[in-house]
$ cat run_20.txt   # compact mmCIF, C-alpha atoms
# COMPACT_ATOMS: atom_id res chain seq x y z
CA MET A 765 -16.91 -26.17 -8.94
CA ASP A 766 -16.42 -22.43 -8.83
CA ALA A 767 -19.80 -21.33 -10.15
CA LEU A 768 -23.12 -22.66 -11.26
CA TYR A 769 -23.07 -23.32 -14.98
CA LEU A 770 -25.91 -22.62 -17.38
CA ASN A 771 -25.50 -26.02 -19.00
CA GLN A 772 -26.33 -27.87 -15.77
CA PHE A 773 -29.86 -26.48 -15.74
CA LEU A 774 -30.34 -26.85 -19.48
CA PHE A 775 -29.26 -30.49 -19.41
CA LEU A 776 -31.59 -31.14 -16.49
CA GLY A 777 -34.40 -29.60 -18.52
CA ALA A 778 -33.47 -31.71 -21.54
CA ILE A 779 -33.47 -34.96 -19.53
CA LEU A 780 -36.87 -34.21 -18.00
CA PHE A 781 -38.23 -33.24 -21.43
CA CYS A 782 -37.11 -36.51 -22.98
CA ILE A 783 -38.54 -38.58 -20.13
CA GLY A 784 -41.82 -36.72 -20.58
CA VAL A 785 -41.78 -37.41 -24.33
CA TYR A 786 -41.31 -41.12 -23.62
CA GLY A 787 -44.24 -41.01 -21.20
CA VAL A 788 -46.54 -39.33 -23.74
CA LEU A 789 -45.63 -41.80 -26.48
CA ALA A 790 -45.53 -45.08 -24.58
CA LYS A 791 -48.16 -45.00 -21.85
CA ARG A 792 -51.70 -46.23 -22.20
CA ASN A 793 -53.40 -44.60 -19.26
CA ALA A 794 -54.69 -41.11 -20.05
CA VAL A 795 -53.88 -39.76 -16.58
CA ILE A 796 -50.24 -40.84 -16.86
CA VAL A 797 -50.03 -39.14 -20.27
CA LEU A 798 -51.25 -35.94 -18.61
CA MET A 799 -48.60 -36.35 -15.92
CA SER A 800 -45.94 -36.71 -18.63
CA VAL A 801 -47.16 -33.49 -20.22
CA GLU A 802 -46.64 -31.85 -16.82
CA LEU A 803 -43.07 -33.20 -16.83
CA ILE A 804 -42.49 -31.58 -20.23
CA LEU A 805 -43.89 -28.24 -19.07
CA ASN A 806 -41.71 -28.25 -15.96
CA ALA A 807 -38.62 -28.98 -18.02
CA VAL A 808 -39.43 -25.96 -20.17
CA ASN A 809 -39.93 -23.85 -17.04
CA ILE A 810 -36.47 -24.76 -15.77
CA ASN A 811 -35.08 -23.59 -19.11
CA PHE A 812 -36.91 -20.28 -18.90
CA VAL A 813 -35.83 -19.45 -15.37
CA ALA A 814 -32.23 -20.55 -16.03
CA PHE A 815 -32.01 -18.19 -18.98
CA GLY A 816 -33.59 -15.46 -16.89
CA ALA A 817 -30.80 -15.92 -14.37
CA PHE A 818 -28.21 -16.02 -17.16
CA TRP A 819 -29.34 -12.77 -18.73
CA SER A 820 -29.45 -10.97 -15.40
CA GLY A 821 -25.70 -10.52 -15.63
CA GLN A 822 -25.34 -9.73 -19.30
CA PRO A 823 -25.99 -6.41 -20.97
CA GLY A 824 -28.92 -6.47 -23.33
CA GLY A 825 -31.77 -8.93 -23.22
CA SER A 826 -34.73 -8.89 -20.91
CA PRO A 827 -34.01 -11.12 -17.93
CA ILE A 828 -37.40 -10.77 -16.29
CA SER A 829 -39.10 -12.21 -19.37
CA GLY A 830 -37.89 -15.70 -18.51
CA THR A 831 -39.39 -15.63 -15.04
CA VAL A 832 -42.67 -14.05 -16.16
CA PHE A 833 -43.02 -16.52 -19.02
CA ALA A 834 -42.50 -19.38 -16.56
CA LEU A 835 -45.35 -17.98 -14.47
CA PHE A 836 -47.62 -17.87 -17.52
CA VAL A 837 -46.65 -21.44 -18.39
CA ILE A 838 -47.65 -22.54 -14.87
CA ALA A 839 -51.05 -20.84 -15.25
CA VAL A 840 -51.68 -22.34 -18.69
CA ALA A 841 -50.62 -25.80 -17.46
CA ALA A 842 -53.08 -25.61 -14.58
CA ALA A 843 -55.90 -24.69 -16.96
CA GLU A 844 -54.89 -27.46 -19.36
CA VAL A 845 -54.84 -30.13 -16.67
CA GLY A 846 -58.33 -29.06 -15.56
CA VAL A 847 -59.84 -29.32 -19.03
CA GLY A 848 -57.83 -32.48 -19.85
CA LEU A 849 -59.07 -34.30 -16.78
CA ALA A 850 -62.66 -33.24 -17.57
CA ILE A 851 -62.25 -34.87 -20.99
CA VAL A 852 -60.75 -38.02 -19.40
CA LEU A 853 -63.69 -38.19 -17.02
CA LEU A 854 -66.12 -37.98 -19.93
CA ILE A 855 -64.29 -40.75 -21.79
CA HIS A 856 -64.42 -42.92 -18.68
CA ARG A 857 -68.13 -42.25 -18.27
CA ASN A 858 -68.83 -43.38 -21.81
CA ARG A 859 -66.47 -46.34 -22.11
CA LYS A 860 -65.75 -47.40 -18.52
CA SER A 861 -62.01 -47.36 -19.18
CA VAL A 862 -59.31 -44.76 -19.78
CA ASP A 863 -57.20 -47.00 -21.96
CA LEU A 864 -56.01 -44.78 -24.80
CA ASP A 865 -55.59 -47.75 -27.13
CA ASP A 866 -59.38 -48.20 -27.14
CA VAL A 867 -60.09 -44.61 -28.20
CA ASP A 868 -59.39 -45.16 -31.87
CA LEU A 869 -62.65 -44.29 -33.63
CA MET A 870 -64.03 -40.83 -34.30
CA LYS A 871 -67.65 -41.95 -33.91
CA GLY A 872 -68.89 -41.96 -30.32
CA MET B 262 -6.55 -23.61 4.31
CA THR B 263 -8.82 -22.55 1.52
CA VAL B 264 -12.35 -21.50 2.31
CA LEU B 265 -14.96 -23.24 0.20
CA GLY B 266 -17.18 -20.72 -1.50
CA ALA B 267 -20.92 -20.69 -1.74
CA ALA B 268 -20.73 -22.12 -5.25
CA VAL B 269 -19.61 -25.49 -3.89
CA ALA B 270 -22.71 -25.75 -1.71
CA GLN B 271 -24.88 -24.64 -4.64
CA ASN B 272 -23.35 -27.30 -6.87
CA ILE B 273 -23.79 -30.03 -4.26
CA PHE B 274 -27.44 -29.16 -3.76
CA PHE B 275 -28.01 -28.88 -7.47
CA TYR B 276 -26.61 -32.33 -8.22
CA VAL B 277 -28.35 -34.04 -5.31
CA ILE B 278 -31.74 -32.51 -6.17
CA ALA B 279 -31.22 -33.15 -9.90
CA ALA B 280 -30.43 -36.84 -9.25
CA ILE B 281 -33.59 -37.20 -7.17
CA MET B 282 -35.64 -35.44 -9.86
CA VAL B 283 -34.35 -37.59 -12.72
CA PHE B 284 -34.92 -40.79 -10.75
CA ALA B 285 -38.45 -39.72 -9.79
CA ALA B 286 -39.29 -38.66 -13.37
CA PHE B 287 -38.06 -42.02 -14.64
CA ARG B 288 -40.26 -43.76 -12.08
CA VAL B 289 -43.29 -41.67 -13.14
CA VAL B 290 -43.16 -43.22 -16.60
CA THR B 291 -42.18 -46.75 -15.58
CA THR B 292 -44.26 -47.54 -12.53
CA LYS B 293 -47.28 -49.81 -12.78
CA ASN B 294 -49.33 -48.01 -10.17
CA VAL B 295 -50.98 -44.73 -11.17
CA VAL B 296 -51.06 -43.38 -7.61
CA HIS B 297 -47.33 -44.08 -7.22
CA ALA B 298 -46.77 -42.15 -10.44
CA ALA B 299 -48.59 -39.16 -8.93
CA ILE B 300 -46.40 -39.26 -5.82
CA PHE B 301 -43.22 -39.44 -7.91
CA LEU B 302 -44.55 -36.47 -9.88
CA VAL B 303 -44.81 -34.56 -6.57
CA MET B 304 -41.10 -35.30 -6.02
CA VAL B 305 -40.25 -33.93 -9.45
CA LEU B 306 -42.34 -30.78 -8.95
CA ALA B 307 -40.82 -30.11 -5.53
CA GLY B 308 -37.36 -30.58 -7.05
CA VAL B 309 -38.18 -28.06 -9.76
CA GLY B 310 -39.23 -25.59 -7.05
CA ALA B 311 -35.90 -26.13 -5.30
CA GLN B 312 -34.02 -25.45 -8.54
CA PHE B 313 -35.94 -22.21 -8.93
CA ILE B 314 -34.77 -21.14 -5.48
CA LEU B 315 -31.19 -21.98 -6.50
CA LEU B 316 -31.65 -19.58 -9.41
CA ALA B 317 -32.83 -16.80 -7.03
CA ALA B 318 -36.40 -16.90 -8.40
CA GLU B 319 -38.28 -17.36 -5.16
CA PHE B 320 -41.62 -16.05 -6.36
CA VAL B 321 -41.78 -18.61 -9.16
CA ALA B 322 -40.71 -21.32 -6.69
CA ALA B 323 -43.54 -20.44 -4.30
CA THR B 324 -46.03 -20.29 -7.18
CA GLN B 325 -44.78 -23.65 -8.44
CA VAL B 326 -45.33 -25.30 -5.08
CA LEU B 327 -48.74 -23.68 -4.58
CA VAL B 328 -50.15 -24.24 -8.05
CA TYR B 329 -48.51 -27.46 -9.18
CA ILE B 330 -48.21 -29.49 -6.00
CA GLY B 331 -51.18 -27.89 -4.31
CA ALA B 332 -53.66 -27.91 -7.18
CA VAL B 333 -52.53 -29.84 -10.23
CA VAL B 334 -51.42 -32.99 -8.39
CA VAL B 335 -54.59 -32.96 -6.27
CA LEU B 336 -56.59 -32.67 -9.50
CA ILE B 337 -54.66 -35.58 -11.01
CA LEU B 338 -55.30 -37.69 -7.93
CA PHE B 339 -59.02 -36.88 -8.15
CA GLY B 340 -58.95 -37.91 -11.79
CA THR B 341 -57.24 -41.17 -10.85
CA MET B 342 -59.78 -41.84 -8.14
CA LEU B 343 -62.74 -41.26 -10.42
CA THR B 344 -61.42 -43.35 -13.32
CA ARG B 345 -60.26 -46.52 -11.61
CA ALA B 346 -61.46 -49.76 -13.17
CA LYS B 347 -64.43 -51.07 -11.25
CA ILE B 348 -63.49 -54.74 -11.24
CA GLY B 349 -59.81 -55.27 -10.32
CA ARG B 350 -58.69 -55.76 -13.88
CA ASP B 351 -54.95 -55.89 -14.21
CA VAL B 352 -54.18 -53.30 -16.87
CA ASP B 353 -50.72 -52.96 -18.24
CA LEU B 354 -49.88 -49.29 -18.46
CA THR B 355 -47.43 -49.47 -21.35
CA ASN B 356 -48.59 -49.94 -24.88
CA ASP B 357 -47.15 -52.25 -27.49
CA TYR B 358 -44.90 -49.82 -29.30
CA TRP B 359 -43.10 -48.43 -26.27
CA PHE B 360 -39.77 -49.19 -27.90
CA VAL B 361 -40.39 -46.59 -30.60
CA GLY B 362 -41.08 -44.07 -27.84
CA ALA B 363 -37.84 -44.96 -26.08
CA VAL B 364 -35.79 -44.65 -29.28
CA THR B 365 -37.41 -41.30 -30.08
CA SER B 366 -36.70 -40.03 -26.59
CA VAL B 367 -33.04 -41.10 -26.67
CA MET B 368 -32.48 -39.58 -30.10
CA LEU B 369 -34.13 -36.35 -28.99
CA PHE B 370 -31.87 -36.18 -25.96
CA ALA B 371 -28.80 -36.85 -28.11
CA VAL B 372 -29.66 -33.98 -30.46
CA MET B 373 -30.54 -31.58 -27.64
CA GLY B 374 -27.49 -32.55 -25.61
CA TYR B 375 -25.12 -32.04 -28.52
CA SER B 376 -26.56 -28.64 -29.40
CA LEU B 377 -26.52 -27.51 -25.74
CA TRP B 378 -22.91 -28.57 -25.27
CA ASP B 379 -21.93 -26.93 -28.54
CA ALA B 380 -23.63 -23.64 -27.72
CA PHE B 381 -23.20 -23.15 -23.99
CA GLU B 382 -20.08 -25.08 -23.12
CA SER B 383 -18.99 -23.98 -19.66
CA THR B 384 -20.90 -20.71 -19.61
CA PRO B 385 -21.19 -19.72 -15.97
CA LEU B 386 -24.14 -18.08 -14.34
CA PRO B 387 -23.39 -14.73 -12.66
CA GLU B 388 -22.66 -14.59 -8.96
CA ASP B 389 -25.78 -12.60 -8.14
CA THR B 390 -28.64 -13.77 -10.33
CA ARG B 391 -31.21 -11.36 -8.95
CA ILE B 392 -32.79 -9.41 -11.75
CA GLY B 393 -32.15 -5.67 -11.49
CA GLY B 394 -30.74 -6.03 -8.01
CA VAL B 395 -34.15 -6.33 -6.38
CA ASN B 396 -35.69 -9.53 -5.14
CA ASN B 397 -37.68 -11.70 -7.49
CA THR B 398 -41.14 -10.74 -6.21
CA ALA B 399 -40.49 -7.04 -6.77
CA ALA B 400 -39.09 -7.61 -10.25
CA VAL B 401 -41.97 -9.89 -11.25
CA SER B 402 -44.61 -7.51 -9.94
CA ASP B 403 -43.03 -4.55 -11.74
CA SER B 404 -43.10 -6.58 -14.90
CA ILE B 405 -46.55 -8.13 -14.64
CA PHE B 406 -48.28 -4.85 -13.86
CA GLY B 407 -46.14 -2.86 -16.27
CA GLN B 408 -44.70 -4.39 -19.38
CA TYR B 409 -46.72 -7.62 -19.36
CA LEU B 410 -50.09 -6.27 -18.22
CA VAL B 411 -52.05 -7.44 -21.26
CA PRO B 412 -50.83 -11.07 -21.09
CA PHE B 413 -51.66 -11.04 -17.38
CA GLU B 414 -55.26 -10.05 -18.07
CA VAL B 415 -55.48 -12.55 -20.92
CA ILE B 416 -54.30 -15.32 -18.55
CA SER B 417 -57.12 -14.40 -16.17
CA VAL B 418 -59.68 -14.74 -18.96
CA LEU B 419 -58.07 -18.03 -20.00
CA LEU B 420 -58.37 -19.45 -16.49
CA LEU B 421 -62.02 -18.35 -16.34
CA SER B 422 -62.80 -19.98 -19.67
CA ALA B 423 -60.98 -23.18 -18.66
CA LEU B 424 -63.00 -23.30 -15.47
CA ILE B 425 -66.30 -22.86 -17.29
CA GLY B 426 -65.27 -25.30 -20.01
CA ALA B 427 -64.27 -28.03 -17.56
CA ILE B 428 -67.56 -27.69 -15.71
CA VAL B 429 -69.58 -27.86 -18.94
CA ILE B 430 -67.63 -30.87 -20.20
CA ALA B 431 -67.80 -32.93 -17.06
CA ARG B 432 -71.30 -32.27 -15.74
CA ARG B 433 -73.97 -34.93 -15.75
CA ASP B 434 -77.21 -34.07 -17.49
$ encode --input "run_20.txt" --output "structure tokens"
Amino acid sequence: MDALYLNQFLFLGAILFCIGVYGVLAKRNAVIVLMSVELILNAVNINFVAFGAFWSGQPGGSPISGTVFALFVIAVAAAEVGVGLAIVLLIHRNRKSVDLDDVDLMKG
Amino acid sequence: MTVLGAAVAQNIFFYVIAAIMVFAAFRVVTTKNVVHAAIFLVMVLAGVGAQFILLAAEFVAATQVLVYIGAVVVLILFGTMLTRAKIGRDVDLTNDYWFVGAVTSVMLFAVMGYSLWDAFESTPLPEDTRIGGVNNTAAVSDSIFGQYLVPFEVISVLLLSALIGAIVIARRD
């Protein structure tokens, strides 16, 4: 209890990542799969910023890269959720359900 | 009488917020109500913002709250509203092979946890985690408009193309 440890943040990122992986693999609703992808991206962001804080005290390495990369991940995630939800809306318009188990044929 | 340092308070806040985040993330993937899942996701995203502030990255924390909670979750809730089943059909949200997903997730965590413990066992973070001694906003702005200018412009074009693409995909014609 005398300092913050790097492993605390990395383990937190790992737990969130694994919960997100379970959500992507095991859920049927397309919107919940998108939410699980957001969980994965946030876990990765925690990793980036934790390493940015770690390298701020060490010689060598570029500590600002972690924070800047986390910002780019946030921007890309926002774009991806926008396009992903547009696709989900189109699926719902054509099939009246967003159950991913029904989307199993390539032909529309 | 010993004076408790700031690290004790940081650790307490870290563990409390991390426990809330893990519980909320678990509830995102196990709840039967899609709107409840969105609200638990808000808890996770707010917790991630709090962890960023613990790591002295306040610009990323503010951006996280603005972009994720303010835009992405609202977008997800709109998507939920527009894709609800018309007749109140009771749809189970978990598919038949969820057990394979659970086993995969546990094995992935075991591998990651072992490699993290092996590599970074008890490596402390420095006392002052500000980058370059300036606050996070100054360091990020120096970097985005200096070293990382080209990726910054590319991200702008990406957001524009995503906006146009989403409109083209989802319009009625």
$ atom_distance --input "run_20.txt" --atom1 "CA of Ser383 (chain B)" --atom2 "CA of Val401 (chain B)"
28.2 Å
$ residues_around --input "run_20.txt" --residues "region 775-779 of chain A" --least-positions-apart "5" --cutoff "10 Å" --atoms "all atoms listed in the file" --output "ChimeraX atom specification"
/A:770,784-785,803-812,814 /B:275-276,279-280,282-283,286-287,309,366-367,369-374,377-378
$ closest_residue --input "run_20.txt" --among "B:Tyr409, B:Thr355, B:Thr344, B:Ile425" --to "Asn858 (chain A)" --atoms "all atoms listed in the file"
B:Thr344
$ closest_atom_pairs --input "run_20.txt" --of "chain A" --to "chain B" --cutoff "6 Å" --atoms "only C-alpha atoms" --output "tab-separated table"
residue	atom	partner	partner_atom	distance
A:Met765	CA	B:Val269	CA	5.8
A:Asp766	CA	B:Ala268	CA	5.6
A:Ala767	CA	B:Ala268	CA	5.0
A:Leu768	CA	B:Leu386	CA	5.6
A:Tyr769	CA	B:Pro385	CA	4.2
A:Leu770	CA	B:Pro385	CA	5.7
A:Cys782	CA	B:Ser366	CA	5.1
A:Tyr786	CA	B:Gly362	CA	5.2
A:Gly787	CA	B:Val290	CA	5.2
A:Leu789	CA	B:Gly362	CA	5.3
A:Ala790	CA	B:Trp359	CA	4.5
A:Lys791	CA	B:Thr355	CA	4.6
A:Arg792	CA	B:Leu354	CA	5.2
A:Asn793	CA	B:Leu354	CA	5.9
A:Ala817	CA	B:Thr390	CA	5.1
A:Phe818	CA	B:Leu386	CA	5.4
A:Ser820	CA	B:Ile392	CA	5.2
A:Gly821	CA	B:Pro387	CA	5.6
A:Ala843	CA	B:Ala423	CA	5.6
A:Val847	CA	B:Ala427	CA	4.8
A:Ala850	CA	B:Ala431	CA	5.2
$ axis_aligned_box --input "run_20.txt" --around "region 418-431 of chain B" --padding-each-side "5 Å" --output "JSON"
{"center_x": -63.8, "center_y": -23.8, "center_z": -17.8, "size_x": 21.5, "size_y": 28.2, "size_z": 14.7}
$ atom_distance --input "run_20.txt" --atom1 "CA of Ile855 (chain A)" --atom2 "CA of Met870 (chain A)"
12.5 Å
$ closest_residue --input "run_20.txt" --among "B:Ala323, B:Phe274, B:Ile330, B:Ile281" --to "Glu802 (chain A)" --atoms "all atoms listed in the file"
B:Ile330
$ atom_distance --input "run_20.txt" --atom1 "CA of Thr831 (chain A)" --atom2 "CA of Ile314 (chain B)"
12.0 Å
